[in-house]
Amino acid sequence: MQIIVRDNNVDQALRALKKKLQREGVYREMKLRRHYEKPSEKRAREKAAAIRRARKMERKRMERDGIK
């Protein structure tokens, strides 16, 4: 990953770097790796996330189709 500093504007370069790191998911990965997570806990977390994603997609589909 590379950020170019223009006109010695380090603040702007830092903002761009933080935005790229956020998009790449580096912060989320660091948070997850801070402590050991048992495989069963990981499966439960991923399953819950999949359920949340599915419900969200269903809500958006219903909203798009005009069904409430």
# chains A, B, ... in the order shown; residues from 1 in each chain; ligands from 1
$ residues_around --residues "Lys18 (chain A)" --least-positions-apart "5" --cutoff "12 Å" --atoms "only C-alpha atoms" --output "mmCIF file with C-alpha atoms, in the first residue's frame"
data_model
loop_
_atom_site.group_PDB
_atom_site.id
_atom_site.type_symbol
_atom_site.label_atom_id
_atom_site.label_comp_id
_atom_site.auth_asym_id
_atom_site.auth_seq_id
_atom_site.Cartn_x
_atom_site.Cartn_y
_atom_site.Cartn_z
ATOM 1 C CA MET A 1 0.000 0.000 0.000
ATOM 2 C CA GLN A 2 1.382 3.379 -0.921
ATOM 3 C CA ILE A 3 0.256 6.902 -0.083
ATOM 4 C CA ASP A 11 -2.516 15.295 7.521
ATOM 5 C CA GLN A 12 -4.210 14.709 4.188
ATOM 6 C CA ALA A 13 -1.958 11.708 3.497
ATOM 7 C CA ARG A 23 -11.620 -0.271 3.254
ATOM 8 C CA GLU A 24 -9.139 -3.159 3.306
ATOM 9 C CA GLY A 25 -10.469 -4.348 6.676
ATOM 10 C CA VAL A 26 -7.140 -4.035 8.476
ATOM 11 C CA TYR A 27 -8.684 -2.500 11.597
#
$ residues_around --residues "Arg15 (chain A)" --least-positions-apart "5" --cutoff "12 Å" --atoms "only C-alpha atoms" --output "list in words"
Ile3, Ile4, Val5, Asn9, Val10, Lys20, Leu21 and Gln22 of chain A
$ select_by_dssp --residues "chain A" --states "helix (DSSP H, G or I)" --output "PyMOL selection string"
chain A and resi 10-24+26-33+39-65
$ write_last_selection --atoms "C-alpha atoms" --output "compact mmCIF listing (two decimals), in the first residue's frame"
# COMPACT_ATOMS: atom_id res chain seq x y z
CA VAL A 10 0.95 14.91 5.97
CA ASP A 11 -2.52 15.30 7.52
CA GLN A 12 -4.21 14.71 4.19
CA ALA A 13 -1.96 11.71 3.50
CA LEU A 14 -2.81 10.24 6.92
CA ARG A 15 -6.53 10.60 6.23
CA ALA A 16 -6.09 8.82 2.90
CA LEU A 17 -4.09 6.04 4.58
CA LYS A 18 -6.70 5.54 7.29
CA LYS A 19 -9.45 5.39 4.67
CA LYS A 20 -7.55 2.76 2.67
CA LEU A 21 -6.86 0.69 5.80
CA GLN A 22 -10.54 0.87 6.73
CA ARG A 23 -11.62 -0.27 3.25
CA GLU A 24 -9.14 -3.16 3.31
CA VAL A 26 -7.14 -4.04 8.48
CA TYR A 27 -8.68 -2.50 11.60
CA ARG A 28 -11.28 -5.28 11.84
CA GLU A 29 -8.56 -7.90 11.40
CA MET A 30 -6.42 -6.33 14.12
CA LYS A 31 -9.37 -6.29 16.50
CA LEU A 32 -10.09 -9.97 15.84
CA ARG A 33 -6.46 -11.01 16.32
CA PRO A 39 -12.79 -22.31 16.55
CA SER A 40 -16.29 -22.85 17.92
CA GLU A 41 -16.56 -19.13 18.79
CA LYS A 42 -15.33 -18.22 15.32
CA ARG A 43 -17.96 -20.46 13.68
CA ALA A 44 -20.69 -18.96 15.88
CA ARG A 45 -19.57 -15.40 15.07
CA GLU A 46 -19.41 -16.08 11.33
CA LYS A 47 -22.79 -17.83 11.36
CA ALA A 48 -24.38 -14.89 13.19
CA ALA A 49 -22.83 -12.49 10.67
CA ALA A 50 -24.19 -14.55 7.78
CA ILE A 51 -27.67 -14.49 9.32
CA ARG A 52 -27.48 -10.71 9.77
CA ARG A 53 -26.38 -10.28 6.13
CA ALA A 54 -29.21 -12.51 4.88
CA ARG A 55 -31.83 -10.63 6.92
CA LYS A 56 -30.50 -7.29 5.71
CA MET A 57 -30.59 -8.43 2.07
CA GLU A 58 -34.15 -9.73 2.56
CA ARG A 59 -35.24 -6.38 4.06
CA LYS A 60 -33.69 -4.49 1.16
CA ARG A 61 -35.35 -6.83 -1.37
CA MET A 62 -38.74 -6.41 0.32
CA GLU A 63 -38.31 -2.63 0.39
CA ARG A 64 -37.30 -2.58 -3.28
CA ASP A 65 -40.30 -4.70 -4.27
$ decode --residues "region 10-68 of chain A" --atoms "C-alpha atoms" --output "mmCIF file, in the first residue's frame"
data_model
loop_
_atom_site.group_PDB
_atom_site.id
_atom_site.type_symbol
_atom_site.label_atom_id
_atom_site.label_comp_id
_atom_site.auth_asym_id
_atom_site.auth_seq_id
_atom_site.Cartn_x
_atom_site.Cartn_y
_atom_site.Cartn_z
ATOM 1 C CA VAL A 10 0.947 14.914 5.973
ATOM 2 C CA ASP A 11 -2.516 15.295 7.521
ATOM 3 C CA GLN A 12 -4.210 14.709 4.188
ATOM 4 C CA ALA A 13 -1.958 11.708 3.497
ATOM 5 C CA LEU A 14 -2.806 10.237 6.924
ATOM 6 C CA ARG A 15 -6.527 10.601 6.231
ATOM 7 C CA ALA A 16 -6.086 8.822 2.902
ATOM 8 C CA LEU A 17 -4.088 6.039 4.578
ATOM 9 C CA LYS A 18 -6.702 5.541 7.289
ATOM 10 C CA LYS A 19 -9.453 5.389 4.672
ATOM 11 C CA LYS A 20 -7.548 2.757 2.670
ATOM 12 C CA LEU A 21 -6.864 0.690 5.797
ATOM 13 C CA GLN A 22 -10.541 0.871 6.730
ATOM 14 C CA ARG A 23 -11.620 -0.271 3.254
ATOM 15 C CA GLU A 24 -9.139 -3.159 3.306
ATOM 16 C CA GLY A 25 -10.469 -4.348 6.676
ATOM 17 C CA VAL A 26 -7.140 -4.035 8.476
ATOM 18 C CA TYR A 27 -8.684 -2.500 11.597
ATOM 19 C CA ARG A 28 -11.285 -5.276 11.845
ATOM 20 C CA GLU A 29 -8.564 -7.896 11.403
ATOM 21 C CA MET A 30 -6.418 -6.328 14.123
ATOM 22 C CA LYS A 31 -9.366 -6.286 16.503
ATOM 23 C CA LEU A 32 -10.088 -9.974 15.842
ATOM 24 C CA ARG A 33 -6.461 -11.007 16.322
ATOM 25 C CA ARG A 34 -6.030 -9.110 19.581
ATOM 26 C CA HIS A 35 -7.168 -12.190 21.542
ATOM 27 C CA TYR A 36 -7.326 -15.885 20.723
ATOM 28 C CA GLU A 37 -10.699 -17.017 19.471
ATOM 29 C CA LYS A 38 -11.713 -20.654 19.817
ATOM 30 C CA PRO A 39 -12.786 -22.306 16.548
ATOM 31 C CA SER A 40 -16.287 -22.846 17.920
ATOM 32 C CA GLU A 41 -16.559 -19.134 18.790
ATOM 33 C CA LYS A 42 -15.328 -18.224 15.315
ATOM 34 C CA ARG A 43 -17.961 -20.460 13.683
ATOM 35 C CA ALA A 44 -20.689 -18.959 15.877
ATOM 36 C CA ARG A 45 -19.574 -15.397 15.066
ATOM 37 C CA GLU A 46 -19.409 -16.081 11.329
ATOM 38 C CA LYS A 47 -22.792 -17.831 11.355
ATOM 39 C CA ALA A 48 -24.383 -14.889 13.191
ATOM 40 C CA ALA A 49 -22.829 -12.485 10.675
ATOM 41 C CA ALA A 50 -24.194 -14.551 7.779
ATOM 42 C CA ILE A 51 -27.674 -14.491 9.323
ATOM 43 C CA ARG A 52 -27.477 -10.706 9.772
ATOM 44 C CA ARG A 53 -26.383 -10.276 6.132
ATOM 45 C CA ALA A 54 -29.208 -12.506 4.885
ATOM 46 C CA ARG A 55 -31.830 -10.630 6.916
ATOM 47 C CA LYS A 56 -30.500 -7.290 5.707
ATOM 48 C CA MET A 57 -30.592 -8.433 2.067
ATOM 49 C CA GLU A 58 -34.146 -9.726 2.563
ATOM 50 C CA ARG A 59 -35.243 -6.378 4.063
ATOM 51 C CA LYS A 60 -33.695 -4.493 1.155
ATOM 52 C CA ARG A 61 -35.355 -6.830 -1.367
ATOM 53 C CA MET A 62 -38.735 -6.407 0.322
ATOM 54 C CA GLU A 63 -38.306 -2.634 0.387
ATOM 55 C CA ARG A 64 -37.298 -2.578 -3.279
ATOM 56 C CA ASP A 65 -40.299 -4.704 -4.271
ATOM 57 C CA GLY A 66 -42.623 -2.517 -2.240
ATOM 58 C CA ILE A 67 -43.711 -5.290 0.109
ATOM 59 C CA LYS A 68 -43.902 -4.463 3.803
#
